[in-house]
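Asks: Following this message is one structure expressed as structure tokens.
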Amino acid sequence: MPKTCSTCHRPLPRFSAWRALVAAGLLGAGGLVALGVPVGPAQAITGENHFSTVHGTSSDPLTYLADHEYADRSGMIVWEGNVRVWQGDQALRADKIYYDRAAGELTALGHVALLQNDGTTLYAKRLQLAHGTADGIGAGIYIRMQDNIKLAAAGMRRDMGKLNSFGHAVYTACPTCTRGHRHPPFWEIQAETATQDHEDETIEFSNAWLKLLGFPVLYLPYFSVADPTVKRHSGFMNFNVNPHDRYLGTYFTLPYYWVIDDSSDLLITPLVASKTGPELSALYRKRFNFGYININTAVADDTHTSHPYTNEFGYTAKRIKPGAQMYFFGNGAFSIDKNWRANFNINYASSADYMRNYRVPGYGWDTLQSTAAIEGFGEGSYLRFDGQISQSLNNGVIRNKDLPYALPRFTYDFTSQVDPLGGYWTVHTTDFDVYRTRGLRDQRGELRLQWDRPFTNVLGQKWLLTGRLDSMIWHYSSLGKFPLYYNNTGNKHFAGQVEPTLALKMNWPFFRTFDHGRGSKVIEPILQLIAAPNLNYTGRHAMPNEDSFGYEFTDSTLFSLNRWLGSDRLDGGLRANVGYHENWTWRGKSIDLLVGESFQAHRQKGYLPFSGLSHHLSDPVGRIAFHPSRYVDFVGRARYSPWGEKNYNLNGQQTSSGVKGGHFNYGEAILNIGVPAFRLMGGYVYEPVTPFYYYYRDFRRSDYLNQPYTTRVSEITGGFSAKWDVWHISAYTRRSFSTHQFVSNGGEFGYNNDCYGMDIAYMKQYTYIGGQRRYSTVLFNFYFKTLGVYGTNG
């Protein structure tokens, strides 16, 4: 008797063993194979383990292996006892098989298992096949398909190898026999009839019920799924009905998926809503041997009217009229050869209000950017030639006429091999032409040359000698307009700057072990000397500034040659940076600490408030990373001001008393604690002003210095996540102490097993778009393996 599952008592397939026996027979038992051996009606052939081949009506010969073989009086060949039959790329086993060679019919009885060429296995009590396996009927059918998908039926009929018709069918992707017990699957489809169409690649059910845990929950007069043996299939996808949305009302979608060919497809999604006009969106994807293209676009009739409003800057946004709207998002990349690549990323929307109203992804962004580029890769070198344009999505704050167009921009980086002196060269340039419809227009040429020579002495000190030359030249117009509004610019249309820098940095690590060699400790003093001309930008505004609106003095930039976030402004002057680094690592635990300060000959008086560089001795900066176990992670960094902060005008004159000393003017921390089943997350960030304050404080009009950019940043985030068996839950919150408002809140609760998933999510965004913000959003998603995802939101 064949082996069976100890829990569900179904026969276990032994096709791997059959294939091994076939291989052994073909390699070493050639004398046992007889082609077309005639068997007379009265002749009886008996024996053990008969292994032979016969010809039937099919073009493929039929090879068999059985314990016993004989012919009955009607001339029917009978194989009995562990019968295994192979024809083409299919295999069959049974307790007993009757074979009518003249008619080409085969009847299998008892523990029948048929392994088919698509990877599925069919079990049956009785199976009759003709014309090879193209036609047949069977009883007591049980089919195991790919990904553990199962279909059972009382009976089956196969026609031309293309259609399988089942009566009283049951279909599921859930386990039915686990932990020694039989139980109803989590979900199943029970249908009066089912049809598997191999040409159309579908399984269709009629008069069906969807059952959960054995209980009927949904009647389906007709239902179809893609055949599990195929990866991609054209057809309608799951519909989506959402009962309530602030801008759409009740809306309905029914996507259609079209497999164009092996390398491209198209998803078309119509949307019908009760509060506004319809929308039709399309997603096209194409893959090449040398690249890809993705295009996502839509058109809609938006009947909402956007009302004008005034923002914090006093700017009144225009009203968006109802009517035709659209968006186009496209990206792609192409390999020209092994050294060159081209790519593009095009994004356009007719209005931000349309994106908000129809839930278009990206509706919370300030701008949409489009780029096209050609990139080159060489040995130690990188080149990029691109162009970039931007579109405002927040017309209450950012106006399209003020946005820059970089047409074109050129970037090149090169790193040399080690030269005869033991050093290496790096070359960098970023050159561009920036155009604005209204405001500053400028062209910049840049060249940065740098030589680094690392070496180590007998004391274990690690040295780095650096020589660097930064140079820039601009041609510009309208310097007194947006975004700089510089005074006294005159008629000068050219400007430039050159800054040579010489730096020497020393790291002196001391290393020892403890805890019998299972732990290590590193103590590392760090010293850096930097000499450069003092450019002192205070009062010198006759130069464009496109990329250096923020200045960052933290532990991460303590030893940087230029702490401006860009290259239009350069750090200069004579300064010394001192740091102390310490690291402890033992038994999977670690502590890493860095503190430091900067001594500078020239103070950044008045020009960079709250930067920590208003005195000869800078504010101390530090970082600590604490990992005491696998259950706790903490990283914190801060800048502490013992001096206080005074307020200055652009000429360096004090205007008010400012802020007293003894406070942090920058800090952030992240904490993760817990076990994999339950974890807590928290974070905090603080800054006296946003980085854009340095940008807007240069405006001629004082009314621009208001809340949006001078209010300090003080935000806390928190959340947790938990997972137990197949259940999971998480939640998060983000709140601003400065504005006394929440920024966002949300959570998720769900269940997931091998065949079913459920997720319920809540989101609340406090972002204003077009002077309004959305209500809270609740999402319900239900996932049935092979059936698809069904969801709703509102």
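Just so we're on the same page: first chain in the structure tokens is A, next is B, and so on; residues restart at 1 for each chain, and ligands are numbered from 1 in the order they show up.
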Write out as number ranges by chain the set of residues from region 329-550 of chain A that DSSP, computed on the backbone, places in strand (DSSP E or B).
Replies: A: 329-335, 340-349, 367-378, 381-392, 405-415, 424-435, 441-456, 462-477, 494-507, 510-514, 519-531
Asks: Using only C-alpha atoms, please write the residues we just selected to a file, as a compact mmCIF listing (two decimals), in the first residue's frame.
Replies:
```txt
# COMPACT_ATOMS: atom_id res chain seq x y z
CA PHE A 329 4.18 60.49 -13.91
CA GLY A 330 6.79 58.71 -15.97
CA ASN A 331 10.25 57.30 -15.33
CA GLY A 332 12.70 55.08 -17.10
CA ALA A 333 16.36 54.12 -17.41
CA PHE A 334 18.37 52.75 -20.33
CA SER A 335 21.88 51.32 -20.46
CA TRP A 340 26.84 55.14 -20.16
CA ARG A 341 23.26 55.25 -18.90
CA ALA A 342 20.29 57.52 -19.63
CA ASN A 343 17.30 58.07 -17.36
CA PHE A 344 14.31 60.35 -16.96
CA ASN A 345 11.72 61.13 -14.31
CA ILE A 346 8.85 63.33 -15.52
CA ASN A 347 6.13 64.49 -13.11
CA TYR A 348 3.31 66.87 -13.86
CA ALA A 349 -0.16 67.56 -12.41
CA THR A 367 6.73 70.55 -5.50
CA LEU A 368 6.89 68.08 -8.37
CA GLN A 369 10.30 67.79 -10.00
CA SER A 370 11.14 66.46 -13.45
CA THR A 371 14.62 65.45 -14.57
CA ALA A 372 16.36 63.94 -17.57
CA ALA A 373 19.98 62.85 -17.38
CA ILE A 374 22.84 61.07 -19.06
CA GLU A 375 25.34 59.40 -16.71
CA GLY A 376 28.80 58.05 -17.38
CA PHE A 377 30.86 55.70 -15.22
CA GLY A 378 34.60 55.26 -15.56
CA SER A 381 35.16 58.88 -12.33
CA TYR A 382 31.49 59.82 -12.61
CA LEU A 383 29.81 62.26 -15.02
CA ARG A 384 26.21 63.48 -15.11
CA PHE A 385 24.58 65.88 -17.54
CA ASP A 386 20.99 66.68 -16.68
CA GLY A 387 18.18 69.21 -16.63
CA GLN A 388 15.56 69.85 -13.97
CA ILE A 389 12.28 71.74 -13.82
CA SER A 390 9.86 72.11 -10.91
CA GLN A 391 6.15 72.63 -10.41
CA SER A 392 4.56 74.04 -7.26
CA TYR A 405 14.79 75.66 -13.83
CA ALA A 406 18.24 74.08 -14.08
CA LEU A 407 18.80 73.88 -17.81
CA PRO A 408 21.31 72.37 -18.00
CA ARG A 409 23.44 71.12 -15.06
CA PHE A 410 26.79 69.34 -15.35
CA THR A 411 28.49 67.32 -12.60
CA TYR A 412 31.83 65.54 -12.72
CA ASP A 413 33.83 63.71 -10.03
CA PHE A 414 37.20 62.03 -10.35
CA THR A 415 39.44 60.19 -7.89
CA TYR A 424 45.60 60.91 -4.32
CA TRP A 425 43.72 63.65 -6.16
CA THR A 426 40.00 64.35 -6.33
CA VAL A 427 38.32 66.71 -8.79
CA HIS A 428 34.76 67.98 -8.54
CA THR A 429 32.67 70.40 -10.52
CA THR A 430 28.97 71.26 -10.66
CA ASP A 431 28.09 73.84 -13.28
CA PHE A 432 24.59 75.04 -14.08
CA ASP A 433 22.34 77.59 -15.68
CA VAL A 434 19.40 78.54 -13.41
CA TYR A 435 16.44 80.34 -14.91
CA ARG A 441 18.87 84.18 -13.02
CA ASP A 442 22.45 82.99 -12.88
CA GLN A 443 25.07 80.73 -14.39
CA ARG A 444 27.81 79.17 -12.28
CA GLY A 445 31.11 77.51 -13.07
CA GLU A 446 32.86 75.60 -10.28
CA LEU A 447 36.12 73.71 -9.88
CA ARG A 448 37.36 72.03 -6.72
CA LEU A 449 40.77 70.38 -6.56
CA GLN A 450 41.80 68.38 -3.51
CA TRP A 451 44.88 66.35 -2.61
CA ASP A 452 44.88 63.96 0.36
CA ARG A 453 47.93 62.25 1.81
CA PRO A 454 47.28 59.78 4.67
CA PHE A 455 50.19 58.38 6.71
CA THR A 456 50.89 56.70 10.05
CA LYS A 462 46.94 58.37 11.87
CA TRP A 463 47.52 61.61 9.95
CA LEU A 464 45.74 63.12 6.99
CA LEU A 465 47.22 66.08 5.13
CA THR A 466 44.78 67.87 2.80
CA GLY A 467 45.27 70.64 0.31
CA ARG A 468 42.19 72.04 -1.39
CA LEU A 469 41.30 74.82 -3.80
CA ASP A 470 37.69 75.98 -4.30
CA SER A 471 36.90 78.36 -7.13
CA MET A 472 33.63 79.68 -8.55
CA ILE A 473 32.51 82.26 -11.07
CA TRP A 474 28.97 83.55 -11.65
CA HIS A 475 27.18 85.52 -14.29
CA TYR A 476 23.84 86.79 -12.99
CA SER A 477 20.98 89.25 -13.29
CA PHE A 494 29.91 88.97 -12.70
CA ALA A 495 31.22 87.68 -9.39
CA GLY A 496 33.65 85.03 -8.25
CA GLN A 497 35.54 83.61 -5.31
CA VAL A 498 38.65 81.54 -4.76
CA GLU A 499 39.56 79.85 -1.47
CA PRO A 500 42.68 77.76 -0.87
CA THR A 501 42.52 75.51 2.22
CA LEU A 502 45.23 73.59 4.02
CA ALA A 503 44.24 71.06 6.70
CA LEU A 504 46.02 68.55 8.90
CA LYS A 505 44.08 65.97 10.91
CA MET A 506 45.40 63.52 13.50
CA ASN A 507 43.60 60.50 15.00
CA PHE A 510 44.53 53.58 21.94
CA PHE A 511 43.25 50.01 22.05
CA ARG A 512 43.00 47.42 24.80
CA THR A 513 40.94 44.33 25.60
CA PHE A 514 39.11 43.33 28.77
CA GLY A 519 35.63 42.99 25.06
CA SER A 520 37.54 45.85 23.48
CA LYS A 521 37.98 49.52 24.35
CA VAL A 522 39.15 52.29 22.00
CA ILE A 523 40.12 55.79 23.17
CA GLU A 524 40.81 58.17 20.31
CA PRO A 525 41.78 61.85 20.62
CA ILE A 526 41.24 63.78 17.37
CA LEU A 527 42.87 67.06 16.40
CA GLN A 528 42.44 69.03 13.19
CA LEU A 529 44.00 72.32 12.05
CA ILE A 530 42.45 74.22 9.13
CA ALA A 531 43.86 77.37 7.51
```
Asks: Show which residues sit within 8 Å of Ile97 (chain A), as a PyMOL selection string. Count only C-alpha atoms, and ignore same-chain residues fewer than 3 positions away.
Replies: chain A and resi 78-80+83+94+106-109
Asks: Print the selection's residues with C-alpha atoms to a file, as a PDB file, in the first residue's frame.
Replies:
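Output contents, as saved in again-v9.pdb:
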```
ATOM      1  CA  VAL A  78      -3.388  -5.281 -16.913  1.00  0.00           C
ATOM      2  CA  TRP A  79      -0.656  -3.884 -14.687  1.00  0.00           C
ATOM      3  CA  GLU A  80      -1.017  -4.458 -10.966  1.00  0.00           C
ATOM      4  CA  VAL A  83       2.116   0.582 -11.080  1.00  0.00           C
ATOM      5  CA  ALA A  94      -1.993   3.591  -9.245  1.00  0.00           C
ATOM      6  CA  LEU A 106      -6.000   3.751 -19.862  1.00  0.00           C
ATOM      7  CA  THR A 107      -8.032   3.200 -16.681  1.00  0.00           C
ATOM      8  CA  ALA A 108      -6.358   3.639 -13.282  1.00  0.00           C
ATOM      9  CA  LEU A 109      -7.858   2.410 -10.011  1.00  0.00           C
TER      10      LEU A 109
END
```
Asks: Find the distance between CA of Met543 (chain A) and CA of Arg569 (chain A) and write it in Å to one decimal.
Replies: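 According to the coordinates, CA of Met543 (chain A) and CA of Arg569 (chain A) are separated by 9.5 Å.
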Asks: Just how far from CA of Val230 (chain A) is CA of Leu210 (chain A), in Å to one decimal?
Replies: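 A separation of 23.0 Å between them.
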Asks: Within 12 Å of Gln190 (chain A), counting only C-alpha atoms, which residues show up once you throw out same-chain ones fewer than 5 positions away? Write them as an MDAnalysis selection string, please.
Replies: chainID A and resid 151:154 166:172 184:185 204:212 214:223
Asks: Would you save the residues from that selection as a compact mmCIF listing (two decimals), in the first residue's frame, using C-alpha atoms?
Replies:
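Result went into out_22.txt, see below:
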```
# COMPACT_ATOMS: atom_id res chain seq x y z
CA LEU A 151 -9.09 21.96 -5.62
CA ALA A 152 -11.32 18.98 -4.79
CA ALA A 153 -14.36 17.70 -6.71
CA ALA A 154 -16.73 14.76 -6.83
CA PHE A 166 -15.45 19.73 -12.15
CA GLY A 167 -18.69 18.93 -10.36
CA HIS A 168 -19.32 19.98 -6.74
CA ALA A 169 -15.92 21.64 -6.48
CA VAL A 170 -14.12 23.10 -3.47
CA TYR A 171 -11.20 25.54 -3.95
CA THR A 172 -8.84 26.94 -1.28
CA PRO A 184 -12.46 23.55 7.72
CA PRO A 185 -9.98 25.82 5.94
CA GLU A 204 -14.37 29.81 -13.31
CA PHE A 205 -16.93 28.96 -10.62
CA SER A 206 -20.72 29.05 -10.88
CA ASN A 207 -23.31 28.92 -8.12
CA ALA A 208 -20.58 29.39 -5.52
CA TRP A 209 -20.33 30.36 -1.85
CA LEU A 210 -17.36 31.97 -0.10
CA LYS A 211 -17.03 30.28 3.29
CA LEU A 212 -14.98 31.43 6.28
CA GLY A 214 -16.91 26.61 7.32
CA PHE A 215 -19.63 29.29 7.46
CA PRO A 216 -21.06 30.76 4.22
CA VAL A 217 -20.57 34.55 4.11
CA LEU A 218 -21.00 35.56 0.44
CA TYR A 219 -22.94 34.09 -2.47
CA LEU A 220 -21.25 34.33 -5.88
CA PRO A 221 -23.38 33.38 -8.88
CA TYR A 222 -20.25 33.63 -11.02
CA PHE A 223 -16.65 34.03 -9.99
```
Asks: For the structure I just gave you, how does DSSP split region 354-487 of chain A - specifically, which residues are helix (DSSP H, G or I)? Reply as a ChimeraX atom specification.
Replies: /A:354-357,400-402
